[in-house]
Amino acid sequence: MNRALQWKLIAGFLLVFVAGGITGAFVGGSYARYHFFELHHPERIGGRMKERLRAELNLTPEQVTKISPIVDKTTAQLREIRRDTGRRVHEIIGDAHRQMAAQLTEEQRQKLTQMEERHRRWRHRRFHDHSDEEPAPTSAP
């Protein structure tokens with residue numbers, strides 16, 4: 001086997017290896033996006049609950065009709081718990097930022113305010129937050 005053929009074989013194996021890595025990254029990313037982002041939309045929990053119960057318990061259409069109000073009520077309760085928890089987390093973080101702001105210089109307080117605003121914009125884009133909560137101001141007491 002001559003030298004040129006050896007290099008061609010090595011280059012071919014490397015090319016196949018890299019192509020496999022890229023394909024794996026793409027498929028893995030698509031899988032992760034589905035399981036971590038698409039699957040966990042709280043607004044879809046009721047439909048997923050109904051479908052899973054229907055499929056796994058082999059429910060008749062009449063049973064699905066009778067169970068639907070129960071699932072809808074549960075979904076509403078879970079939505080309210082999630083909303084309350086989000087508000088509590090927001091309040092606690094806002095309180096921590098206010099306490100920290102007292103220890104920061106004016107420049108640092110401005111940067112903290114910018115960080116909070118950036119996070120608010122990200123949350124709004126990511127979660128389509130339609131809550132009526134006002135952002136907690138970060139100012140020294």
# chains A, B, ... in the order shown; residues from 1 in each chain; ligands from 1
$ select_by_dssp --residues "chain A" --states "helix (DSSP H, G or I)" --output "JSON, numbers by chain"
{"A": [3, 4, 5, 6, 7, 8, 9, 10, 11, 12, 13, 14, 15, 16, 17, 18, 19, 20, 21, 22, 23, 24, 25, 26, 27, 28, 29, 30, 31, 32, 33, 34, 35, 36, 37, 38, 42, 43, 44, 45, 46, 47, 48, 49, 50, 51, 52, 53, 54, 55, 56, 57, 61, 62, 63, 64, 65, 66, 67, 68, 69, 70, 71, 72, 73, 74, 75, 76, 77, 78, 79, 80, 81, 82, 83, 84, 85, 86, 87, 88, 89, 90, 91, 92, 93, 94, 95, 96, 97, 98, 99, 100, 101, 106, 107, 108, 109, 110, 111, 112, 113, 114, 115, 116, 117, 118, 119, 120, 121, 122, 123, 124, 125, 126, 127]}
$ write_last_selection --atoms "C-alpha atoms" --output "short mmCIF file (atom, residue, chain, number, x, y, z; two decimals), in the first residue's frame"
data_model
loop_
_atom_site.label_atom_id
_atom_site.label_comp_id
_atom_site.auth_asym_id
_atom_site.auth_seq_id
_atom_site.Cartn_x
_atom_site.Cartn_y
_atom_site.Cartn_z
CA ARG A 3 1.73 6.43 1.03
CA ALA A 4 -0.91 8.37 -0.96
CA LEU A 5 -3.48 5.60 -0.50
CA GLN A 6 -2.82 5.48 3.26
CA TRP A 7 -3.45 9.23 3.56
CA LYS A 8 -6.62 8.95 1.50
CA LEU A 9 -7.89 6.17 3.77
CA ILE A 10 -7.05 8.15 6.91
CA ALA A 11 -8.76 11.25 5.46
CA GLY A 12 -11.81 9.15 4.53
CA PHE A 13 -12.08 7.66 8.02
CA LEU A 14 -11.72 11.11 9.58
CA LEU A 15 -14.37 12.49 7.28
CA VAL A 16 -16.79 9.69 8.18
CA PHE A 17 -16.03 10.21 11.89
CA VAL A 18 -16.65 13.96 11.71
CA ALA A 19 -19.84 13.45 9.68
CA GLY A 20 -21.07 10.99 12.31
CA GLY A 21 -20.29 13.44 15.08
CA ILE A 22 -22.17 16.25 13.34
CA THR A 23 -25.14 13.97 12.66
CA GLY A 24 -25.14 12.80 16.28
CA ALA A 25 -25.03 16.36 17.56
CA PHE A 26 -27.93 17.36 15.31
CA VAL A 27 -30.09 14.37 16.25
CA GLY A 28 -29.19 14.71 19.93
CA GLY A 29 -29.97 18.42 19.88
CA SER A 30 -33.33 17.82 18.25
CA TYR A 31 -34.16 15.11 20.80
CA ALA A 32 -33.10 17.31 23.71
CA ARG A 33 -35.04 20.31 22.38
CA TYR A 34 -38.18 18.18 22.16
CA HIS A 35 -37.84 16.57 25.58
CA PHE A 36 -36.65 19.60 27.50
CA PHE A 37 -38.49 22.46 25.84
CA GLU A 38 -41.42 21.30 23.71
CA PRO A 42 -47.46 23.88 31.07
CA GLU A 43 -50.30 25.10 28.88
CA ARG A 44 -50.37 21.70 27.16
CA ILE A 45 -50.44 19.58 30.31
CA GLY A 46 -54.21 19.01 30.24
CA GLY A 47 -54.22 17.67 26.70
CA ARG A 48 -51.23 15.44 27.42
CA MET A 49 -52.90 14.11 30.59
CA LYS A 50 -56.11 13.29 28.72
CA GLU A 51 -54.30 11.63 25.84
CA ARG A 52 -52.08 9.57 28.13
CA LEU A 53 -55.02 8.42 30.26
CA ARG A 54 -57.03 7.59 27.13
CA ALA A 55 -54.20 5.59 25.59
CA GLU A 56 -52.88 3.76 28.64
CA LEU A 57 -56.25 3.00 30.23
CA PRO A 61 -65.12 8.16 24.42
CA GLU A 62 -67.79 8.32 27.13
CA GLN A 63 -65.15 7.86 29.86
CA VAL A 64 -62.97 10.56 28.28
CA THR A 65 -65.98 12.90 28.32
CA LYS A 66 -66.59 12.21 32.01
CA ILE A 67 -62.90 12.49 32.97
CA SER A 68 -62.23 15.68 30.97
CA PRO A 69 -63.74 18.10 33.54
CA ILE A 70 -61.61 16.51 36.29
CA VAL A 71 -58.46 16.88 34.21
CA ASP A 72 -59.43 20.47 33.29
CA LYS A 73 -59.94 21.35 36.96
CA THR A 74 -56.59 19.76 37.87
CA THR A 75 -54.89 21.64 35.05
CA ALA A 76 -56.31 24.95 36.29
CA GLN A 77 -55.15 24.19 39.85
CA LEU A 78 -51.65 23.29 38.66
CA ARG A 79 -51.50 26.45 36.53
CA GLU A 80 -52.38 28.56 39.58
CA ILE A 81 -49.76 26.81 41.72
CA ARG A 82 -47.15 27.45 39.04
CA ARG A 83 -48.17 31.11 38.77
CA ASP A 84 -48.04 31.57 42.56
CA THR A 85 -44.66 29.87 42.76
CA GLY A 86 -43.31 32.10 39.99
CA ARG A 87 -44.51 35.19 41.83
CA ARG A 88 -42.93 34.04 45.09
CA VAL A 89 -39.62 33.33 43.36
CA HIS A 90 -39.75 36.75 41.69
CA GLU A 91 -40.44 38.45 45.04
CA ILE A 92 -37.61 36.62 46.82
CA ILE A 93 -35.09 37.42 44.09
CA GLY A 94 -36.27 41.05 43.99
CA ASP A 95 -35.85 41.30 47.77
CA ALA A 96 -32.35 39.79 47.55
CA HIS A 97 -31.41 42.28 44.83
CA ARG A 98 -32.69 45.19 46.92
CA GLN A 99 -30.62 43.99 49.88
CA MET A 100 -27.55 43.54 47.69
CA ALA A 101 -28.03 46.95 46.10
CA GLU A 106 -23.84 53.27 41.92
CA GLU A 107 -22.14 51.72 38.87
CA GLN A 108 -22.70 48.21 40.23
CA ARG A 109 -26.37 49.00 40.96
CA GLN A 110 -26.79 50.14 37.36
CA LYS A 111 -25.22 46.90 36.12
CA LEU A 112 -27.51 44.90 38.42
CA THR A 113 -30.51 46.77 37.00
CA GLN A 114 -29.30 46.00 33.47
CA MET A 115 -28.93 42.31 34.40
CA GLU A 116 -32.48 42.27 35.76
CA GLU A 117 -33.83 43.91 32.62
CA ARG A 118 -31.96 41.47 30.38
CA HIS A 119 -33.38 38.57 32.40
CA ARG A 120 -36.92 40.03 32.18
CA ARG A 121 -36.66 40.31 28.39
CA TRP A 122 -35.33 36.75 28.16
CA ARG A 123 -38.18 35.42 30.32
CA HIS A 124 -40.72 37.29 28.26
CA ARG A 125 -39.33 35.84 25.01
CA ARG A 126 -38.81 32.36 26.41
CA PHE A 127 -41.98 31.88 28.40
#
